[in-house]
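Engineer: Supplied structure: structure_34.cif, mmCIF, C-alpha atoms and all ligand atoms.
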data_protein
loop_
_atom_site.label_atom_id
_atom_site.label_comp_id
_atom_site.auth_asym_id
_atom_site.auth_seq_id
_atom_site.Cartn_x
_atom_site.Cartn_y
_atom_site.Cartn_z
CA MET A 1282 -1.08 3.52 17.69
CA VAL A 1283 1.22 6.29 16.48
CA ARG A 1284 4.87 5.91 17.31
CA GLY A 1285 6.88 8.95 18.36
CA ALA A 1286 8.90 10.83 15.76
CA PRO A 1287 12.45 9.59 15.34
CA SER A 1288 14.88 12.22 16.51
CA GLY A 1289 18.28 12.87 15.05
CA ASP A 1290 21.06 15.30 14.42
CA LEU A 1291 20.92 16.99 11.03
CA SER A 1292 23.76 19.43 11.60
CA GLY A 1293 25.56 20.17 8.36
CA LYS A 1294 22.64 18.83 6.28
CA THR A 1295 20.21 20.55 3.94
CA VAL A 1296 16.53 19.59 4.10
CA LEU A 1297 13.86 20.69 1.62
CA VAL A 1298 10.15 20.27 2.39
CA VAL A 1299 7.77 21.10 -0.47
CA GLY A 1300 4.26 22.05 0.71
CA ALA A 1301 5.33 23.26 4.13
CA ASN A 1302 3.02 26.10 5.16
CA VAL A 1303 0.16 24.10 6.69
CA GLY A 1304 -0.83 20.61 7.77
CA ILE A 1305 1.54 17.66 7.75
CA GLY A 1306 4.31 19.48 5.87
CA LEU A 1307 4.43 22.30 8.42
CA GLU A 1308 4.56 19.85 11.32
CA ALA A 1309 7.27 17.82 9.60
CA SER A 1310 9.26 21.02 9.11
CA LYS A 1311 9.07 21.71 12.86
CA HIS A 1312 10.44 18.23 13.58
CA PHE A 1313 13.27 18.84 11.13
CA ALA A 1314 13.95 22.25 12.68
CA ARG A 1315 14.43 20.62 16.10
CA MET A 1316 17.15 18.44 14.52
CA GLN A 1317 19.11 21.63 13.68
CA PRO A 1318 19.92 21.16 9.98
CA ALA A 1319 22.37 23.62 8.42
CA ARG A 1320 19.55 24.70 6.10
CA LEU A 1321 15.82 23.99 6.15
CA ILE A 1322 14.15 25.20 2.97
CA ILE A 1323 10.37 25.32 3.14
CA ALA A 1324 8.79 25.59 -0.30
CA CYS A 1325 5.39 27.27 -0.33
CA ARG A 1326 3.09 28.77 -2.95
CA SER A 1327 3.61 32.39 -1.93
CA GLU A 1328 5.99 34.59 0.01
CA ALA A 1329 3.25 35.55 2.45
CA LYS A 1330 2.46 31.90 3.31
CA GLY A 1331 6.17 31.13 3.63
CA LYS A 1332 6.71 34.01 6.06
CA VAL A 1333 3.83 32.92 8.30
CA ALA A 1334 5.15 29.34 8.36
CA LEU A 1335 8.69 30.56 9.05
CA ALA A 1336 7.49 32.62 12.03
CA GLU A 1337 5.60 29.63 13.48
CA ILE A 1338 8.58 27.29 13.06
CA GLU A 1339 10.94 29.81 14.69
CA ARG A 1340 8.51 30.51 17.53
CA GLU A 1341 7.88 26.86 18.35
CA THR A 1342 11.36 25.43 17.85
CA GLY A 1343 13.80 28.30 18.35
CA TYR A 1344 15.52 27.28 15.09
CA ASN A 1345 16.51 30.16 12.85
CA GLY A 1346 17.99 28.51 9.75
CA CYS A 1347 14.67 28.26 7.94
CA GLU A 1348 14.37 29.70 4.41
CA PRO A 1349 11.01 30.13 2.66
CA TRP A 1350 11.24 29.59 -1.09
CA ILE A 1351 8.40 29.86 -3.58
CA VAL A 1352 7.10 27.14 -5.88
CA ASP A 1353 3.74 26.50 -7.49
CA LEU A 1354 3.40 22.91 -8.63
CA ALA A 1355 0.41 23.85 -10.77
CA ASN A 1356 2.84 25.69 -13.04
CA PHE A 1357 5.74 23.82 -14.65
CA ALA A 1358 7.64 27.08 -15.27
CA SER A 1359 7.60 27.76 -11.52
CA VAL A 1360 8.96 24.26 -10.80
CA ILE A 1361 11.75 24.72 -13.34
CA ALA A 1362 12.61 28.16 -11.91
CA PHE A 1363 12.71 26.62 -8.42
CA ALA A 1364 15.05 23.83 -9.55
CA ASP A 1365 17.30 26.37 -11.33
CA LYS A 1366 17.46 28.48 -8.16
CA PHE A 1367 18.27 25.37 -6.14
CA LYS A 1368 21.11 24.53 -8.52
CA ARG A 1369 22.52 28.06 -8.07
CA GLU A 1370 21.89 28.62 -4.37
CA GLY A 1371 20.84 25.36 -2.73
CA GLY A 1372 24.08 23.40 -2.72
CA ASP A 1373 23.91 19.70 -1.89
CA LEU A 1374 20.56 18.30 -0.79
CA HIS A 1375 20.45 15.57 1.86
CA ILE A 1376 16.70 15.19 2.39
CA LEU A 1377 13.89 16.05 -0.03
CA VAL A 1378 10.29 15.68 1.14
CA MET A 1379 7.73 16.06 -1.64
CA ASN A 1380 4.64 16.61 0.49
CA ALA A 1381 2.49 19.11 -1.42
CA ALA A 1382 -0.80 17.84 -2.78
CA ILE A 1383 -4.31 18.93 -3.53
CA ALA A 1384 -7.74 17.29 -3.54
CA LEU A 1385 -10.50 18.66 -5.75
CA PRO A 1386 -13.93 17.25 -6.61
CA VAL A 1387 -14.07 18.49 -10.20
CA TYR A 1388 -11.94 18.93 -13.32
CA GLN A 1389 -9.84 22.10 -13.35
CA PRO A 1390 -7.08 22.59 -15.91
CA THR A 1391 -3.79 24.21 -14.92
CA ILE A 1392 -2.02 26.91 -16.91
CA ASP A 1393 -0.11 24.02 -18.57
CA GLY A 1394 -3.36 22.35 -19.64
CA TRP A 1395 -3.18 19.35 -17.31
CA GLU A 1396 -5.87 18.38 -14.83
CA THR A 1397 -4.78 20.07 -11.58
CA ILE A 1398 -4.53 17.06 -9.22
CA LEU A 1399 -2.61 15.08 -11.84
CA GLN A 1400 -0.14 17.92 -12.34
CA VAL A 1401 0.34 19.02 -8.71
CA ASN A 1402 0.32 15.62 -6.99
CA TYR A 1403 2.09 13.65 -9.69
CA LEU A 1404 3.63 15.33 -12.74
CA ALA A 1405 5.16 18.38 -11.06
CA THR A 1406 6.10 16.35 -7.98
CA SER A 1407 7.96 13.92 -10.26
CA LEU A 1408 9.47 16.77 -12.28
CA LEU A 1409 11.00 18.48 -9.25
CA SER A 1410 12.14 15.15 -7.78
CA LEU A 1411 13.98 14.29 -11.00
CA LEU A 1412 15.48 17.77 -11.41
CA LEU A 1413 16.93 17.59 -7.88
CA ILE A 1414 18.62 14.19 -8.33
CA PRO A 1415 22.06 15.75 -9.06
CA GLN A 1416 21.99 17.71 -5.78
CA LEU A 1417 20.74 14.67 -3.83
CA VAL A 1418 23.40 12.38 -5.28
CA ALA A 1419 26.13 14.98 -4.70
CA ALA A 1420 25.14 15.15 -1.01
CA GLY A 1421 25.03 11.35 -0.72
CA ARG A 1422 28.51 11.02 -2.22
CA LYS A 1423 29.98 13.24 0.51
CA SER A 1424 28.01 11.65 3.34
CA THR A 1425 28.24 8.39 5.26
CA VAL A 1426 24.58 7.64 4.49
CA PRO A 1427 22.57 7.91 1.25
CA SER A 1428 20.43 10.97 0.69
CA ARG A 1429 16.69 10.47 1.01
CA MET A 1430 13.95 11.40 -1.45
CA VAL A 1431 10.60 11.04 0.32
CA ILE A 1432 7.41 11.18 -1.72
CA VAL A 1433 4.21 11.50 0.28
CA SER A 1434 1.62 9.05 -1.02
CA SER A 1435 -1.43 7.71 0.78
CA GLY A 1436 -3.08 4.55 2.04
CA VAL A 1437 -6.07 5.32 -0.18
CA LEU A 1438 -4.24 3.50 -2.97
CA TYR A 1439 -5.04 0.19 -1.21
CA TRP A 1440 -8.69 0.73 -2.14
CA LEU A 1441 -8.04 1.59 -5.77
CA THR A 1442 -8.09 -0.67 -8.79
CA PRO A 1443 -7.53 1.54 -11.84
CA ALA A 1444 -10.21 1.53 -14.51
CA LYS A 1445 -9.41 -0.97 -17.30
CA GLU A 1446 -9.22 1.88 -19.83
CA ILE A 1447 -6.45 3.46 -17.74
CA GLU A 1448 -4.65 0.27 -16.81
CA THR A 1449 -4.42 -0.94 -20.40
CA SER A 1450 -3.88 2.45 -22.03
CA LEU A 1451 -0.54 2.99 -23.77
CA LYS A 1452 -0.73 6.60 -22.51
CA PRO A 1453 -2.54 6.42 -19.15
CA LEU A 1454 -1.48 9.93 -18.12
CA GLU A 1455 -2.77 11.45 -21.33
CA THR A 1456 -6.08 9.64 -20.79
CA LEU A 1457 -6.29 10.69 -17.13
CA GLY A 1458 -5.51 14.28 -18.08
CA SER A 1459 -8.05 14.63 -20.85
CA GLU A 1460 -11.14 16.71 -20.16
CA GLU A 1461 -13.35 14.00 -21.74
CA TRP A 1462 -12.16 11.45 -19.17
CA CYS A 1463 -12.49 13.85 -16.22
CA ILE A 1464 -16.25 13.60 -15.77
CA PRO A 1465 -17.36 14.00 -12.11
CA ASN A 1466 -17.69 10.25 -11.70
CA HIS A 1467 -14.08 9.63 -12.77
CA MET A 1468 -12.82 12.57 -10.71
CA GLN A 1469 -13.94 10.74 -7.55
CA SER A 1470 -10.88 8.49 -7.84
CA ARG A 1471 -8.45 11.12 -9.11
CA TYR A 1472 -6.78 11.86 -5.79
CA SER A 1473 -6.28 8.11 -5.14
CA GLU A 1474 -4.94 7.66 -8.68
CA SER A 1475 -2.42 10.43 -8.11
CA LYS A 1476 -1.22 8.72 -4.93
CA LEU A 1477 -0.88 5.38 -6.75
CA LEU A 1478 1.19 7.18 -9.39
CA ASN A 1479 3.44 8.55 -6.59
CA LEU A 1480 4.12 5.00 -5.42
CA PHE A 1481 4.74 3.80 -8.99
CA PHE A 1482 7.25 6.65 -9.39
CA VAL A 1483 9.15 5.69 -6.24
CA ARG A 1484 9.33 2.03 -7.23
CA ALA A 1485 10.20 2.71 -10.87
CA LEU A 1486 12.90 5.23 -9.94
CA THR A 1487 14.39 2.81 -7.40
CA ASP A 1488 14.55 0.12 -10.11
CA ARG A 1489 16.48 2.56 -12.30
CA LEU A 1490 18.98 3.89 -9.77
CA ARG A 1491 22.28 2.00 -9.71
CA SER A 1492 22.68 0.15 -6.41
CA VAL A 1493 25.83 2.17 -5.70
CA THR A 1494 24.06 5.52 -6.19
CA PRO A 1495 23.83 7.08 -2.71
CA LEU A 1496 20.14 7.97 -2.91
CA SER A 1497 17.17 6.16 -1.36
CA THR A 1498 13.70 6.92 -2.66
CA ILE A 1499 10.85 6.16 -0.28
CA ALA A 1500 7.06 6.48 -0.38
CA VAL A 1501 5.13 7.22 2.79
CA THR A 1502 1.58 7.55 3.99
CA PRO A 1503 0.97 9.82 6.97
CA GLY A 1504 -2.36 8.09 7.72
CA PHE A 1505 -5.75 9.78 7.88
CA CYS A 1506 -5.08 13.18 9.45
CA TYR A 1507 -6.92 16.35 10.22
CA SER A 1508 -5.43 19.02 7.93
CA GLN A 1509 -6.48 21.41 5.17
CA LEU A 1510 -6.45 18.72 2.48
CA ARG A 1511 -10.22 18.54 2.30
CA ARG A 1512 -10.64 22.33 2.51
CA VAL A 1513 -12.63 22.70 -0.74
CA TRP A 1514 -15.46 20.63 0.67
CA TYR A 1515 -15.57 22.77 3.83
CA GLU A 1516 -15.34 26.00 1.84
CA LYS A 1517 -18.69 25.25 0.18
CA PRO A 1518 -21.22 27.66 1.70
CA THR A 1519 -24.04 25.13 1.99
CA PHE A 1520 -24.33 22.04 4.13
CA SER A 1521 -23.72 18.90 2.12
CA PHE A 1522 -23.78 15.19 2.88
CA VAL A 1523 -20.05 14.88 2.05
CA LYS A 1524 -19.20 17.75 4.40
CA ILE A 1525 -21.07 16.13 7.31
CA VAL A 1526 -19.56 12.67 6.70
CA LEU A 1527 -16.06 14.18 6.45
CA ALA A 1528 -16.50 16.16 9.66
CA ILE A 1529 -17.68 13.06 11.57
CA HIS A 1530 -14.86 10.92 10.17
CA GLU A 1531 -12.24 13.52 11.04
CA ARG A 1532 -13.62 14.04 14.53
CA LEU A 1533 -13.68 10.29 15.26
CA LEU A 1534 -10.79 8.83 13.30
CA ALA A 1535 -8.22 11.40 12.22
CA TRP A 1536 -4.79 11.83 13.70
CA THR A 1537 -3.40 15.30 14.16
CA ALA A 1538 -1.17 16.65 11.40
CA GLU A 1539 1.72 16.40 13.87
CA GLN A 1540 1.07 12.69 14.38
CA GLY A 1541 0.92 12.18 10.62
CA SER A 1542 4.13 14.14 10.14
CA ARG A 1543 6.04 11.58 12.22
CA GLN A 1544 5.72 9.14 9.33
CA LEU A 1545 7.46 11.61 7.01
CA ILE A 1546 10.23 12.03 9.56
CA PHE A 1547 10.68 8.27 9.84
CA ALA A 1548 10.90 8.02 6.04
CA ALA A 1549 13.44 10.87 5.97
CA VAL A 1550 15.77 9.85 8.80
CA GLY A 1551 14.64 6.46 10.14
CA GLY A 1552 15.41 2.87 9.16
CA ARG A 1553 19.09 3.57 8.53
CA ASP A 1554 19.96 0.03 9.71
CA ASP A 1555 17.72 -1.34 6.94
CA GLU A 1556 18.69 1.03 4.11
CA GLU A 1557 18.48 -1.53 1.29
CA ASN A 1558 14.88 -2.41 2.17
CA MET A 1559 13.97 1.24 2.66
CA LYS A 1560 14.84 1.85 -1.01
CA GLY A 1561 11.57 1.83 -2.95
CA GLY A 1562 9.68 1.01 0.23
CA PHE A 1563 6.33 2.21 1.53
CA VAL A 1564 6.31 3.58 5.07
CA SER A 1565 3.25 3.52 7.26
CA ARG A 1566 2.95 3.73 11.05
CA GLY A 1567 6.68 3.94 11.56
CA ARG A 1568 7.69 0.87 9.52
CA LEU A 1569 7.88 -0.55 6.03
CA VAL A 1570 4.64 -2.20 4.91
CA GLU A 1571 3.63 -4.33 1.95
CA VAL A 1572 2.13 -2.35 -0.90
CA ALA A 1573 -1.30 -2.92 -2.46
CA ASP A 1574 -1.97 -6.20 -4.30
CA PHE A 1575 -2.55 -4.34 -7.57
CA VAL A 1576 0.94 -2.78 -7.40
CA LEU A 1577 2.47 -6.25 -6.95
CA SER A 1578 0.41 -7.85 -9.77
CA ASP A 1579 1.62 -8.36 -13.36
CA GLU A 1580 -0.89 -5.70 -14.45
CA GLY A 1581 0.50 -3.34 -11.82
CA HIS A 1582 4.10 -3.90 -12.98
CA ARG A 1583 3.11 -3.31 -16.59
CA MET A 1584 1.24 -0.15 -15.71
CA GLN A 1585 4.16 1.10 -13.59
CA ASP A 1586 6.56 0.74 -16.53
CA THR A 1587 4.11 2.32 -18.98
CA VAL A 1588 3.55 5.26 -16.62
CA TRP A 1589 7.29 5.70 -16.09
CA ASN A 1590 7.99 5.85 -19.84
CA GLU A 1591 5.13 8.26 -20.44
CA THR A 1592 6.22 10.41 -17.48
CA ILE A 1593 9.75 10.73 -18.86
CA ASP A 1594 8.36 11.56 -22.32
CA ILE A 1595 6.07 14.27 -20.94
CA LEU A 1596 8.63 15.78 -18.57
CA SER A 1597 11.36 15.73 -21.23
CA GLY A 1598 9.07 18.01 -23.22
CA VAL A 1599 8.69 20.28 -20.19
CA SER A 1600 12.38 20.58 -19.27
CA ASP A 1601 15.47 19.90 -21.38
CA LYS A 1602 17.28 18.87 -18.16
CA ILE A 1603 15.30 15.64 -17.79
CA SER A 1604 16.97 13.67 -20.61
CA PRO A 1605 20.54 14.36 -19.38
CA ILE A 1606 19.53 13.42 -15.82
CA VAL A 1607 17.98 10.15 -17.01
CA ARG A 1608 21.08 9.46 -19.13
CA ASP A 1609 23.61 10.30 -16.40
CA TYR A 1610 21.93 8.95 -13.27
CA LEU A 1611 19.55 6.16 -14.28
CA VAL A 1612 19.89 2.76 -15.92
CA VAL A 1613 17.51 0.44 -17.76
CA PRO A 1614 16.18 -1.95 -15.08
CA ASP A 1615 16.86 -5.69 -15.39
CA SER A 1616 13.12 -6.40 -15.69
CA SER A 1617 12.97 -4.39 -18.94
CA ILE A 1618 15.82 -6.31 -20.63
CA ASN A 1619 14.67 -9.38 -22.56
N1 LIG B 1701 -4.50 14.54 5.57
C1 LIG B 1701 -4.66 13.25 5.28
O1 LIG B 1701 -5.57 12.58 5.79
C2 LIG B 1701 -3.69 12.58 4.36
C3 LIG B 1701 -3.75 11.19 4.22
C4 LIG B 1701 -2.86 10.55 3.37
C5 LIG B 1701 -1.93 11.30 2.68
N2 LIG B 1701 -1.89 12.64 2.82
C6 LIG B 1701 -0.88 13.39 2.06
O2 LIG B 1701 -0.13 14.18 2.96
C7 LIG B 1701 0.40 15.31 2.25
C8 LIG B 1701 0.12 16.58 3.03
O3 LIG B 1701 -1.28 16.79 3.03
P1 LIG B 1701 -2.03 17.56 4.20
O4 LIG B 1701 -3.05 16.62 4.70
O5 LIG B 1701 -1.09 18.19 5.13
O6 LIG B 1701 -2.81 18.66 3.32
P2 LIG B 1701 -2.82 20.27 3.43
O7 LIG B 1701 -3.00 20.68 4.84
O8 LIG B 1701 -3.84 20.71 2.43
O9 LIG B 1701 -1.35 20.67 2.93
C9 LIG B 1701 -1.00 20.52 1.58
C10 LIG B 1701 0.21 21.37 1.28
O10 LIG B 1701 0.45 21.30 -0.14
C11 LIG B 1701 0.55 22.64 -0.64
N3 LIG B 1701 0.14 22.76 -2.03
C12 LIG B 1701 -1.05 22.50 -2.58
N4 LIG B 1701 -1.06 22.83 -3.88
C13 LIG B 1701 0.18 23.31 -4.15
C14 LIG B 1701 0.80 23.83 -5.31
N5 LIG B 1701 0.14 23.97 -6.46
N6 LIG B 1701 2.09 24.22 -5.24
C15 LIG B 1701 2.77 24.13 -4.08
N7 LIG B 1701 2.23 23.65 -2.95
C16 LIG B 1701 0.95 23.26 -2.98
C17 LIG B 1701 -0.38 23.42 0.26
O11 LIG B 1701 -0.15 24.81 0.14
P3 LIG B 1701 -1.40 25.86 0.19
O12 LIG B 1701 -1.72 26.05 1.62
O13 LIG B 1701 -0.87 27.07 -0.49
O14 LIG B 1701 -2.52 25.24 -0.58
C18 LIG B 1701 -0.01 22.84 1.61
O15 LIG B 1701 1.20 23.39 2.06
C19 LIG B 1701 -0.23 15.28 0.87
O16 LIG B 1701 0.68 14.70 -0.04
C20 LIG B 1701 -1.44 14.38 1.05
O17 LIG B 1701 -1.82 13.74 -0.15
C21 LIG B 1701 -2.74 13.31 3.64
#
Would you write the structure of this file as structure tokens?
Structural biologist:
Amino acid sequence: MVRGAPSGDLSGKTVLVVGANVGIGLEASKHFARMQPARLIIACRSEAKGKVALAEIERETGYNGCEPWIVDLANFASVIAFADKFKREGGDLHILVMNAAIALPVYQPTIDGWETILQVNYLATSLLSLLLIPQLVAAGRKSTVPSRMVIVSSGVLYWLTPAKEIETSLKPLETLGSEEWCIPNHMQSRYSESKLLNLFFVRALTDRLRSVTPLSTIAVTPGFCYSQLRRVWYEKPTFSFVKIVLAIHERLLAWTAEQGSRQLIFAAVGGRDDEENMKGGFVSRGRLVEVADFVLSDEGHRMQDTVWNETIDILSGVSDKISPIVRDYLVVPDSSIN
């Protein structure tokens, strides 16, 4: 059963949805628009896509405070330019929803040399999330409730146990990103791996935020939804087994993107009476749920810490703003002090 979307009043608040032109992100943006935020920034890959989404949001909700901004997560320079623009023009940020993601069957490197799913779904998502911490914390300090950083993950991570080579690697991201590792067989789990990394990020960041910092970081799964996520399989000109199985699954089991978007809204504005538990939590079907056994295991904890350290190393090389943000806003978690 899908619960209704929580409603609320976002007047005076700024909301940013990344990946907002189609699917779950677009539907979430419409829900936000109905809550009348002072600003609703929808980040899309191109101006043309942003304008189409803006028109649909205005038409369906009557809200006219929507601003399309451009970001391409497959390009670190674009993410950095977006964060710089936000620092100049965005002001305080009350709700960030990192929704954009991609699913691909084969290895494709980005302009930065990373495998595309790994960069879009994880590295660039984490980069932008970290770069926007100052604006999120500034908003939380002036508000009666903490700001929310929502990272869209997926329930597919429940079915994933990372390969031993990845789990025990001292540089799992480097291994995952290497062309040698990205053979078609390994690429079958890449999307799920990226969604596990999203959850690791949320939990690791929560461990490193001081309890008094007015920012709650939350992972969410929208559930299996009909959207454009699996578009590359449908774009193939020939009939394939995968295409047929996907179509049957979607027809029989999928929620609409609007139904899925309600989970993002709950993660962004719901559970305010349980804020401490929301921090680092995983939202599914309108409530907090227990995460996968692997994430809770000793191996999972070790991998989460290894991935965090490697992420900060990589992203510090991408942007010189990462180190000061880590220094000024994060602490070493108790579990890492011996
Ligand atoms: N649908 C499901 O069954 C399901 C299940 C669990 C979790 N999720 C998660 O839900 C979220 C939304 O997915 P969806 O199902 O709504 O998929 P979707 O319809 O394909 O929407 C994905 C969004 O991400 C954007 N995006 C992709 N690559 C990007 C890039 N390089 N830079 C900026 N934006 C980019 C897309 O923009 P373009 O249109 O320009 O590509 C689009 O706006 C994702 O995080 C997905 O992993 C979905």
Engineer: Go through the chains and note each residue within 6 Å of ligand LIG 1701 (chain B), using only C-alpha atoms and all ligand atoms, then give the set as a PyMOL selection string.
Structural biologist: chain A and resi 1300-1306+1325-1326+1352-1355+1380-1383+1401+1433-1435+1502-1510
Engineer: Find the nearest atom pair between each residue of segment 1447-1479 of chain A and segment 1585-1593 of chain A for residues within 7 Å, count all atoms listed in the file, give distances in Å to one decimal, sort rows by chain and ascending number, and present the table as JSON lines.
Structural biologist:
{"residue": "A:Leu1451", "atom": "CA", "partner": "A:Thr1587", "partner_atom": "CA", "distance": 6.7}
{"residue": "A:Lys1452", "atom": "CA", "partner": "A:Glu1591", "partner_atom": "CA", "distance": 6.4}
{"residue": "A:Pro1453", "atom": "CA", "partner": "A:Val1588", "partner_atom": "CA", "distance": 6.7}
Engineer: Provide the atom CA of Phe1481 of chain A to atom CA of Met1559 of chain A distance in Å, to one decimal place.
Structural biologist: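 Those two atoms sit 15.1 Å apart.
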Engineer: A:Asn1466, A:Ser1428, A:Thr1391, A:Ser1578: which is nearest Ala1549 of chain A, counting all atoms listed in the file?
Structural biologist: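 Residue with the minimum atom-to-atom distance to Ala1549 of chain A: A:Ser1428.
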Engineer: Which centre and edge lengths in Å to one decimal define the box along x, y and z that fits every listed atom of segment 1374-1391 of chain A plus 5 Å per side, as AutoDock Vina command-line options?
Structural biologist:
--center_x 3.2 --center_y 19.7 --center_z -6.8 --size_x 44.6 --size_y 19.0 --size_z 28.3
Engineer: So, counting all atoms listed in the file, which residue among A:Leu1412, A:Ala1420, A:Leu1577, A:Leu1335 is closest to Cys1347 of chain A?
Structural biologist: A:Leu1335
Engineer: Extract, using all atoms listed in the file, all DNA, RNA and protein residues at most 12 Å from Ala1500 of chain A, discarding same-chain residues fewer than 4 positions from it, and format them as a VMD selection string.
Structural biologist: chain A and resid 1377 to 1380 1429 to 1436 1438 1476 to 1487 1544 to 1549 1559 to 1565 1568 to 1572
Engineer: Put those residues in a file: C-alpha atoms, as a PDB file, in the frame of the given file.
Structural biologist:
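Output file out.pdb follows:
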ATOM      1  CA  LEU A1377      13.890  16.050  -0.030  1.00  0.00           C
ATOM      2  CA  VAL A1378      10.290  15.680   1.140  1.00  0.00           C
ATOM      3  CA  MET A1379       7.730  16.060  -1.640  1.00  0.00           C
ATOM      4  CA  ASN A1380       4.640  16.610   0.490  1.00  0.00           C
ATOM      5  CA  ARG A1429      16.690  10.470   1.010  1.00  0.00           C
ATOM      6  CA  MET A1430      13.950  11.400  -1.450  1.00  0.00           C
ATOM      7  CA  VAL A1431      10.600  11.040   0.320  1.00  0.00           C
ATOM      8  CA  ILE A1432       7.410  11.180  -1.720  1.00  0.00           C
ATOM      9  CA  VAL A1433       4.210  11.500   0.280  1.00  0.00           C
ATOM     10  CA  SER A1434       1.620   9.050  -1.020  1.00  0.00           C
ATOM     11  CA  SER A1435      -1.430   7.710   0.780  1.00  0.00           C
ATOM     12  CA  GLY A1436      -3.080   4.550   2.040  1.00  0.00           C
ATOM     13  CA  LEU A1438      -4.240   3.500  -2.970  1.00  0.00           C
ATOM     14  CA  LYS A1476      -1.220   8.720  -4.930  1.00  0.00           C
ATOM     15  CA  LEU A1477      -0.880   5.380  -6.750  1.00  0.00           C
ATOM     16  CA  LEU A1478       1.190   7.180  -9.390  1.00  0.00           C
ATOM     17  CA  ASN A1479       3.440   8.550  -6.590  1.00  0.00           C
ATOM     18  CA  LEU A1480       4.120   5.000  -5.420  1.00  0.00           C
ATOM     19  CA  PHE A1481       4.740   3.800  -8.990  1.00  0.00           C
ATOM     20  CA  PHE A1482       7.250   6.650  -9.390  1.00  0.00           C
ATOM     21  CA  VAL A1483       9.150   5.690  -6.240  1.00  0.00           C
ATOM     22  CA  ARG A1484       9.330   2.030  -7.230  1.00  0.00           C
ATOM     23  CA  ALA A1485      10.200   2.710 -10.870  1.00  0.00           C
ATOM     24  CA  LEU A1486      12.900   5.230  -9.940  1.00  0.00           C
ATOM     25  CA  THR A1487      14.390   2.810  -7.400  1.00  0.00           C
ATOM     26  CA  GLN A1544       5.720   9.140   9.330  1.00  0.00           C
ATOM     27  CA  LEU A1545       7.460  11.610   7.010  1.00  0.00           C
ATOM     28  CA  ILE A1546      10.230  12.030   9.560  1.00  0.00           C
ATOM     29  CA  PHE A1547      10.680   8.270   9.840  1.00  0.00           C
ATOM     30  CA  ALA A1548      10.900   8.020   6.040  1.00  0.00           C
ATOM     31  CA  ALA A1549      13.440  10.870   5.970  1.00  0.00           C
ATOM     32  CA  MET A1559      13.970   1.240   2.660  1.00  0.00           C
ATOM     33  CA  LYS A1560      14.840   1.850  -1.010  1.00  0.00           C
ATOM     34  CA  GLY A1561      11.570   1.830  -2.950  1.00  0.00           C
ATOM     35  CA  GLY A1562       9.680   1.010   0.230  1.00  0.00           C
ATOM     36  CA  PHE A1563       6.330   2.210   1.530  1.00  0.00           C
ATOM     37  CA  VAL A1564       6.310   3.580   5.070  1.00  0.00           C
ATOM     38  CA  SER A1565       3.250   3.520   7.260  1.00  0.00           C
ATOM     39  CA  ARG A1568       7.690   0.870   9.520  1.00  0.00           C
ATOM     40  CA  LEU A1569       7.880  -0.550   6.030  1.00  0.00           C
ATOM     41  CA  VAL A1570       4.640  -2.200   4.910  1.00  0.00           C
ATOM     42  CA  GLU A1571       3.630  -4.330   1.950  1.00  0.00           C
ATOM     43  CA  VAL A1572       2.130  -2.350  -0.900  1.00  0.00           C
TER      44      VAL A1572
END
Engineer: What is the distance between atom CA of Gln1389 of chain A and atom CA of Ser1459 of chain A, in Å to one decimal?
Structural biologist: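 Distance reported for this atom pair: 10.7 Å.
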Engineer: What is the atom CA of Gly1421 of chain A to atom CA of Leu1297 of chain A distance in Å?
Structural biologist: 14.7 Å
Engineer: Measuring atom to atom with all atoms listed in the file, identify which of A:Ala1358, A:Ala1535, A:Leu1409, A:Ala1286 is nearest to Met1316 of chain A.
Structural biologist: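 Among A:Ala1358, A:Ala1535, A:Leu1409, A:Ala1286, it is A:Ala1286 that comes nearest to Met1316 of chain A.
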Engineer: Identify which of the residues A:Val1576, A:Ile1376, A:Leu1404, A:Ala1364 lies closest to Leu1457 of chain A, counting all atoms listed in the file when measuring atom-to-atom distances.
Structural biologist: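 Result for the nearest residue to Leu1457 of chain A: A:Leu1404.
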Engineer: Kindly indicate which residue among A:Pro1443, A:Pro1386, A:Gly1343, A:Pro1318 lies nearest to Val1523 of chain A, using all atoms listed in the file for the distances.
Structural biologist: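 Looking only at the distances to Val1523 of chain A, the closest residue turns out to be A:Pro1386.
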Engineer: What are the closest atom pairs, with distances in Å to one decimal, for each residue of segment 1450-1559 of chain A lying within 6 Å of segment 1599-1617 of chain A, using all atoms listed in the file, rows by chain and rising residue number, as a tab-separated table?
Structural biologist:
residue	atom	partner	partner_atom	distance
A:Asp1488	CA	A:Pro1614	CA	5.6
A:Arg1489	CA	A:Val1612	CA	5.0
A:Leu1490	CA	A:Leu1611	CA	5.1
Engineer: Between A:Glu1580, A:Glu1474, A:Asp1555, A:Glu1341, which residue has the minimum interatomic distance to Ser1497 of chain A, considering only C-alpha atoms?
Structural biologist: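 When distances to Ser1497 of chain A are compared using only C-alpha atoms, the smallest one comes from A:Asp1555.
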